[in-house]
file work-v9.cif (mmCIF, C-alpha atoms)
data_coords
loop_
_atom_site.label_atom_id
_atom_site.label_comp_id
_atom_site.auth_asym_id
_atom_site.auth_seq_id
_atom_site.Cartn_x
_atom_site.Cartn_y
_atom_site.Cartn_z
CA MET A 1 129.11 148.84 34.55
CA LYS A 2 127.79 152.30 33.94
CA ILE A 3 128.61 154.97 36.48
CA LYS A 4 124.85 155.46 37.17
CA ASN A 5 124.39 151.79 38.07
CA PHE A 6 127.47 151.86 40.21
CA ILE A 7 126.18 154.88 42.17
CA CYS A 8 122.80 153.15 42.62
CA LEU A 9 124.45 150.01 43.99
CA LEU A 10 126.66 152.10 46.27
CA CYS A 11 123.60 153.92 47.66
CA ILE A 12 121.82 150.61 48.36
CA PHE A 13 124.92 149.26 50.10
CA ILE A 14 125.31 152.38 52.30
CA THR A 15 121.59 152.46 53.20
CA THR A 16 121.64 148.76 54.16
CA ALA A 17 124.82 149.20 56.19
CA ILE A 18 123.41 152.18 58.07
CA SER A 19 120.04 150.57 58.82
CA THR A 20 121.62 147.26 59.93
CA ARG A 21 123.92 149.15 62.26
CA SER A 22 121.04 151.28 63.52
CA TYR A 23 118.81 148.33 64.42
CA GLY A 24 121.69 146.08 65.42
CA GLN A 25 123.14 148.34 68.06
CA HIS A 26 120.09 148.08 70.34
CA LYS A 27 118.71 144.68 69.39
CA ASP A 28 119.33 142.92 72.72
CA LEU A 29 118.44 145.81 75.01
CA VAL A 30 115.43 145.64 77.30
CA VAL A 31 114.03 149.18 77.60
CA ARG A 32 111.12 149.67 79.95
CA ILE A 33 109.18 152.38 81.71
CA ALA A 34 107.81 151.67 85.20
CA LYS A 35 104.98 153.97 86.32
CA LEU A 36 104.25 153.87 90.05
CA VAL A 37 101.90 155.60 92.44
CA ILE A 38 103.26 155.77 95.98
CA ASP A 39 101.52 156.18 99.33
CA SER A 40 102.11 159.92 100.00
CA SER A 41 102.75 159.39 103.71
CA GLN A 42 105.72 157.13 102.88
CA LEU A 43 107.09 159.06 99.90
CA ASP A 44 110.37 160.20 101.45
CA THR A 45 111.21 156.71 102.67
CA TYR A 46 110.28 155.26 99.29
CA LYS A 47 112.51 157.72 97.44
CA MET A 48 115.50 156.86 99.66
CA LEU A 49 114.92 153.15 99.08
CA LEU A 50 114.63 153.59 95.30
CA LYS A 51 117.68 155.87 95.12
CA GLU A 52 119.81 153.38 97.07
CA HIS A 53 118.57 150.53 94.88
CA ALA A 54 119.30 152.37 91.61
CA GLU A 55 122.82 153.34 92.69
CA ILE A 56 123.75 149.80 93.79
CA ALA A 57 122.16 148.07 90.77
CA VAL A 58 123.91 150.25 88.14
CA ARG A 59 127.24 150.12 90.00
CA LYS A 60 127.28 146.39 90.75
CA GLU A 61 125.43 144.72 87.87
CA PRO A 62 127.12 144.82 84.44
CA GLY A 63 123.76 144.34 82.70
CA VAL A 64 121.82 147.10 84.48
CA LEU A 65 122.70 150.03 82.21
CA THR A 66 120.31 152.80 83.20
CA LEU A 67 117.87 153.51 86.03
CA TYR A 68 116.50 157.05 85.73
CA ALA A 69 113.96 157.56 88.52
CA VAL A 70 111.93 160.77 88.76
CA TYR A 71 108.71 162.03 90.33
CA ASP A 72 106.16 164.46 88.88
CA LYS A 73 106.39 168.07 90.10
CA GLU A 74 102.58 168.37 89.99
CA LYS A 75 101.84 164.94 91.46
CA PRO A 76 104.83 164.02 93.68
CA ASP A 77 103.36 160.58 94.47
CA HIS A 78 103.65 159.65 90.75
CA VAL A 79 107.07 158.09 90.12
CA THR A 80 108.52 157.04 86.75
CA VAL A 81 111.58 154.85 86.23
CA PHE A 82 113.20 154.67 82.79
CA GLU A 83 115.11 151.35 82.73
CA ILE A 84 117.70 149.96 80.28
CA TYR A 85 119.06 146.42 80.68
CA ALA A 86 121.70 144.86 78.39
CA SER A 87 119.51 141.79 77.70
CA LYS A 88 116.61 139.69 78.98
CA GLU A 89 119.12 137.53 80.86
CA ALA A 90 120.57 140.61 82.58
CA TYR A 91 117.06 141.66 83.60
CA ARG A 92 116.23 138.20 84.97
CA ALA A 93 119.49 138.11 86.92
CA HIS A 94 118.71 141.56 88.34
CA LEU A 95 115.43 140.28 89.82
CA LEU A 96 117.36 137.77 91.95
CA THR A 97 119.89 140.18 93.48
CA ALA A 98 119.88 140.99 97.20
CA HIS A 99 119.55 144.74 96.54
CA PHE A 100 116.51 144.28 94.27
CA LEU A 101 114.81 141.99 96.81
CA LYS A 102 115.57 144.50 99.58
CA TYR A 103 113.94 147.27 97.50
CA LYS A 104 110.99 145.10 96.42
CA ASN A 105 110.20 143.79 99.90
CA GLY A 106 110.94 147.10 101.58
CA SER A 107 108.60 149.05 99.29
CA LYS A 108 105.73 146.58 98.91
CA ASN A 109 103.51 148.43 101.40
CA MET A 110 104.39 151.82 99.86
CA VAL A 111 103.48 151.10 96.22
CA LYS A 112 99.78 151.72 95.53
CA SER A 113 100.03 150.81 91.83
CA LEU A 114 102.67 149.70 89.34
CA GLU A 115 102.41 149.68 85.55
CA LEU A 116 105.26 148.27 83.45
CA VAL A 117 105.42 149.48 79.85
CA GLU A 118 107.63 147.45 77.51
CA THR A 119 109.15 149.68 74.85
CA LEU A 120 111.47 149.69 71.85
CA PRO A 121 114.07 152.39 71.28
CA ILE A 122 113.88 155.10 68.63
CA ALA A 123 116.97 156.97 69.88
CA LEU A 124 119.02 156.54 73.06
CA GLU A 125 121.25 159.59 73.04
CA SER A 126 123.02 160.77 76.19
CA LYS A 127 126.19 162.42 77.40
CA PHE A 128 124.89 162.93 80.95
CA LYS A 129 127.43 162.18 83.68
CA ASN A 130 126.03 161.77 87.17
CA ALA A 131 128.02 164.01 89.49
CA GLY A 132 127.23 161.68 92.41
CA MET B 1 129.86 165.36 125.95
CA LYS B 2 128.54 161.88 126.37
CA ILE B 3 129.41 159.36 123.67
CA LYS B 4 125.66 158.92 122.87
CA ASN B 5 125.22 162.65 122.21
CA PHE B 6 128.36 162.72 120.09
CA ILE B 7 127.09 159.83 117.94
CA CYS B 8 123.72 161.62 117.55
CA LEU B 9 125.40 164.82 116.39
CA LEU B 10 127.65 162.88 114.02
CA CYS B 11 124.61 161.16 112.49
CA ILE B 12 122.86 164.52 111.96
CA PHE B 13 125.99 165.96 110.35
CA ILE B 14 126.42 162.98 108.00
CA THR B 15 122.73 162.97 107.02
CA THR B 16 122.81 166.71 106.27
CA ALA B 17 126.00 166.39 104.25
CA ILE B 18 124.62 163.47 102.22
CA SER B 19 121.26 165.15 101.51
CA THR B 20 122.90 168.47 100.55
CA ARG B 21 125.16 166.64 98.12
CA SER B 22 122.24 164.59 96.85
CA TYR B 23 120.04 167.62 96.09
CA GLY B 24 122.98 169.79 95.04
CA GLN B 25 124.27 167.57 92.27
CA HIS B 26 121.08 167.83 90.20
CA LYS B 27 119.75 171.23 91.27
CA ASP B 28 119.98 172.98 87.88
CA LEU B 29 118.87 170.07 85.72
CA VAL B 30 115.61 170.18 83.80
CA VAL B 31 114.25 166.62 83.66
CA ARG B 32 111.11 166.08 81.67
CA ILE B 33 108.99 163.34 80.13
CA ALA B 34 107.23 164.02 76.83
CA LYS B 35 104.32 161.69 76.04
CA LEU B 36 103.16 161.77 72.42
CA VAL B 37 100.57 159.99 70.32
CA ILE B 38 101.52 159.84 66.64
CA ASP B 39 99.41 159.39 63.52
CA SER B 40 99.97 155.66 62.79
CA SER B 41 100.16 156.18 59.03
CA GLN B 42 103.19 158.49 59.51
CA LEU B 43 104.92 156.59 62.32
CA ASP B 44 108.00 155.49 60.39
CA THR B 45 108.65 159.00 59.08
CA TYR B 46 108.09 160.45 62.54
CA LYS B 47 110.57 158.02 64.13
CA MET B 48 113.25 158.91 61.58
CA LEU B 49 112.68 162.61 62.21
CA LEU B 50 112.85 162.18 66.00
CA LYS B 51 115.93 159.94 65.81
CA GLU B 52 117.78 162.47 63.64
CA HIS B 53 116.76 165.31 65.95
CA ALA B 54 117.90 163.49 69.12
CA GLU B 55 121.28 162.56 67.63
CA ILE B 56 122.03 166.10 66.45
CA ALA B 57 120.77 167.82 69.63
CA VAL B 58 122.85 165.68 72.03
CA ARG B 59 125.93 165.84 69.79
CA LYS B 60 125.82 169.59 69.05
CA GLU B 61 124.30 171.23 72.12
CA PRO B 62 126.39 171.16 75.33
CA GLY B 63 123.23 171.60 77.44
CA VAL B 64 121.15 168.81 75.91
CA LEU B 65 122.33 165.90 78.06
CA THR B 66 119.87 163.09 77.35
CA LEU B 67 117.14 162.34 74.83
CA TYR B 68 115.87 158.80 75.28
CA ALA B 69 113.04 158.23 72.82
CA VAL B 70 111.06 154.99 72.81
CA TYR B 71 107.69 153.67 71.62
CA ASP B 72 105.38 151.21 73.36
CA LYS B 73 105.51 147.62 72.13
CA GLU B 74 101.75 147.24 72.69
CA LYS B 75 100.79 150.67 71.29
CA PRO B 76 103.46 151.63 68.75
CA ASP B 77 101.87 155.05 68.14
CA HIS B 78 102.58 155.98 71.79
CA VAL B 79 106.01 157.59 72.03
CA THR B 80 107.83 158.67 75.20
CA VAL B 81 110.90 160.91 75.36
CA PHE B 82 112.91 161.13 78.58
CA GLU B 83 114.76 164.46 78.44
CA ILE B 84 117.59 165.89 80.57
CA TYR B 85 118.85 169.46 80.02
CA ALA B 86 121.70 171.06 81.98
CA SER B 87 119.58 174.10 82.92
CA LYS B 88 116.51 176.15 82.01
CA GLU B 89 118.75 178.35 79.83
CA ALA B 90 120.03 175.29 77.95
CA TYR B 91 116.45 174.18 77.35
CA ARG B 92 115.40 177.63 76.09
CA ALA B 93 118.43 177.76 73.75
CA HIS B 94 117.52 174.30 72.45
CA LEU B 95 114.07 175.52 71.35
CA LEU B 96 115.71 178.05 69.01
CA THR B 97 118.08 175.67 67.20
CA ALA B 98 117.65 174.86 63.52
CA HIS B 99 117.46 171.10 64.20
CA PHE B 100 114.71 171.53 66.82
CA LEU B 101 112.68 173.77 64.49
CA LYS B 102 113.15 171.27 61.66
CA TYR B 103 111.82 168.49 63.90
CA LYS B 104 108.98 170.61 65.32
CA ASN B 105 107.77 171.92 61.96
CA GLY B 106 108.37 168.61 60.20
CA SER B 107 106.33 166.63 62.74
CA LYS B 108 103.48 169.04 63.46
CA ASN B 109 101.01 167.16 61.25
CA MET B 110 102.12 163.79 62.66
CA VAL B 111 101.64 164.50 66.38
CA LYS B 112 98.05 163.82 67.51
CA SER B 113 98.71 164.75 71.14
CA LEU B 114 101.60 165.91 73.31
CA GLU B 115 101.79 165.92 77.11
CA LEU B 116 104.84 167.39 78.87
CA VAL B 117 105.44 166.18 82.42
CA GLU B 118 107.87 168.25 84.48
CA THR B 119 109.72 166.05 86.95
CA LEU B 120 112.37 166.08 89.67
CA PRO B 121 115.06 163.42 89.91
CA ILE B 122 115.23 160.70 92.58
CA ALA B 123 118.17 158.88 90.97
CA LEU B 124 119.84 159.34 87.56
CA GLU B 125 122.11 156.31 87.32
CA SER B 126 123.53 155.17 84.01
CA LYS B 127 126.56 153.56 82.43
CA PHE B 128 124.87 153.06 79.06
CA LYS B 129 127.06 153.88 76.08
CA ASN B 130 125.28 154.23 72.78
CA ALA B 131 127.08 152.05 70.28
CA GLY B 132 125.93 154.39 67.49
#

call {"tool": "encode", "arguments": {"input": "work-v9.cif", "output": "structure tokens"}}
result
Amino acid sequence: MKIKNFICLLCIFITTAISTRSYGQHKDLVVRIAKLVIDSSQLDTYKMLLKEHAEIAVRKEPGVLTLYAVYDKEKPDHVTVFEIYASKEAYRAHLLTAHFLKYKNGSKNMVKSLELVETLPIALESKFKNAG
Amino acid sequence: MKIKNFICLLCIFITTAISTRSYGQHKDLVVRIAKLVIDSSQLDTYKMLLKEHAEIAVRKEPGVLTLYAVYDKEKPDHVTVFEIYASKEAYRAHLLTAHFLKYKNGSKNMVKSLELVETLPIALESKFKNAG
């Protein structure tokens, strides 16, 4: 085998290995963005409920990996939650937990609208450690 | 002091302590959502550029804490990046890095629109470890 052919084959092998690893590492994840509009008069109560829910879900459920909940500075009644679950099964299990049902039932009269956007990851890079 | 008054005071103290801690732990963070629409014909190239940028920024810059970049399943040209920086200074420093400028200049003809939404955190809970 000529050295040129060998280098070509090596390049193909490395490219395949990298791309397989790149797609493989996130293939089971469920990554979703929830966009909510909240009744302004109940915003503080809603935020407490959501914060409690996020803390319990990530701490207790192995498959709830990330719940990043924020509200817009300009429109404080607009809330966004960036959600990562380990798999569809983990997400389904999450919907049956006592803490999720407490949040869902407790907030049903506070949520004016809810849009769920299913997404696929391009990059999920983080070294953030919650000081809480 | 009556026991009822003591309990009231204790509750006020605990609530204040919890809320101070809760606001204090994230007070310097810059948390932002970037919403982009990308030229469909250049989507694959754009995603590679963004992925490379996110990996380098989080690895190299101490103040770039999170870059979660995803695209909508239904509208693959709609990209969202959830960004956490340690402070305003960290964000400003980020804008001057070689990798950011490479991404920004490299993608300028691919980005059809860009909306930056400044946000404040409600909860930032995560145990996600990137396998990459």

call {"tool": "resolve_selection", "arguments": {"input": "work-v9.cif", "expression": "the PyMOL selection byres ((chain A) within 7 of (chain B))", "output": "PyMOL selection string"}}
result
chain A and resi 25+47+51+54-55+58+65-73+117-128+130-132

call {"tool": "residues_near_point", "arguments": {"input": "work-v9.cif", "point": "(105.6, 153.7, 104.0)", "cutoff": "12 Å", "atoms": "all atoms listed in the file", "output": "PDB file with C-alpha atoms, keeping the file's coordinate frame"}}
result
ATOM      1  CA  ILE A  38     103.260 155.770  95.980  1.00  0.00           C
ATOM      2  CA  ASP A  39     101.520 156.180  99.330  1.00  0.00           C
ATOM      3  CA  SER A  40     102.110 159.920 100.000  1.00  0.00           C
ATOM      4  CA  SER A  41     102.750 159.390 103.710  1.00  0.00           C
ATOM      5  CA  GLN A  42     105.720 157.130 102.880  1.00  0.00           C
ATOM      6  CA  LEU A  43     107.090 159.060  99.900  1.00  0.00           C
ATOM      7  CA  ASP A  44     110.370 160.200 101.450  1.00  0.00           C
ATOM      8  CA  THR A  45     111.210 156.710 102.670  1.00  0.00           C
ATOM      9  CA  TYR A  46     110.280 155.260  99.290  1.00  0.00           C
ATOM     10  CA  LYS A  47     112.510 157.720  97.440  1.00  0.00           C
ATOM     11  CA  MET A  48     115.500 156.860  99.660  1.00  0.00           C
ATOM     12  CA  LEU A  49     114.920 153.150  99.080  1.00  0.00           C
ATOM     13  CA  ASP A  77     103.360 160.580  94.470  1.00  0.00           C
ATOM     14  CA  ASN A 105     110.200 143.790  99.900  1.00  0.00           C
ATOM     15  CA  GLY A 106     110.940 147.100 101.580  1.00  0.00           C
ATOM     16  CA  SER A 107     108.600 149.050  99.290  1.00  0.00           C
ATOM     17  CA  LYS A 108     105.730 146.580  98.910  1.00  0.00           C
ATOM     18  CA  ASN A 109     103.510 148.430 101.400  1.00  0.00           C
ATOM     19  CA  MET A 110     104.390 151.820  99.860  1.00  0.00           C
ATOM     20  CA  VAL A 111     103.480 151.100  96.220  1.00  0.00           C
ATOM     21  CA  LYS A 112      99.780 151.720  95.530  1.00  0.00           C
TER      22      LYS A 112
END

call {"tool": "atom_distance", "arguments": {"input": "work-v9.cif", "atom1": "atom CA of A:Leu116", "atom2": "atom CA of B:Lys27"}}
result
28.3 Å

call {"tool": "closest_residue", "arguments": {"input": "work-v9.cif", "among": "A:Glu115, A:Leu29, A:Glu61, A:Val37", "to": "A:Leu96", "atoms": "all atoms listed in the file"}}
result
A:Glu61

call {"tool": "atom_distance", "arguments": {"input": "work-v9.cif", "atom1": "atom CA of A:Lys35", "atom2": "atom CA of B:Tyr103"}}
result
27.6 Å

call {"tool": "atom_distance", "arguments": {"input": "work-v9.cif", "atom1": "atom CA of B:Arg92", "atom2": "atom CA of B:Val30"}}
result
10.7 Å
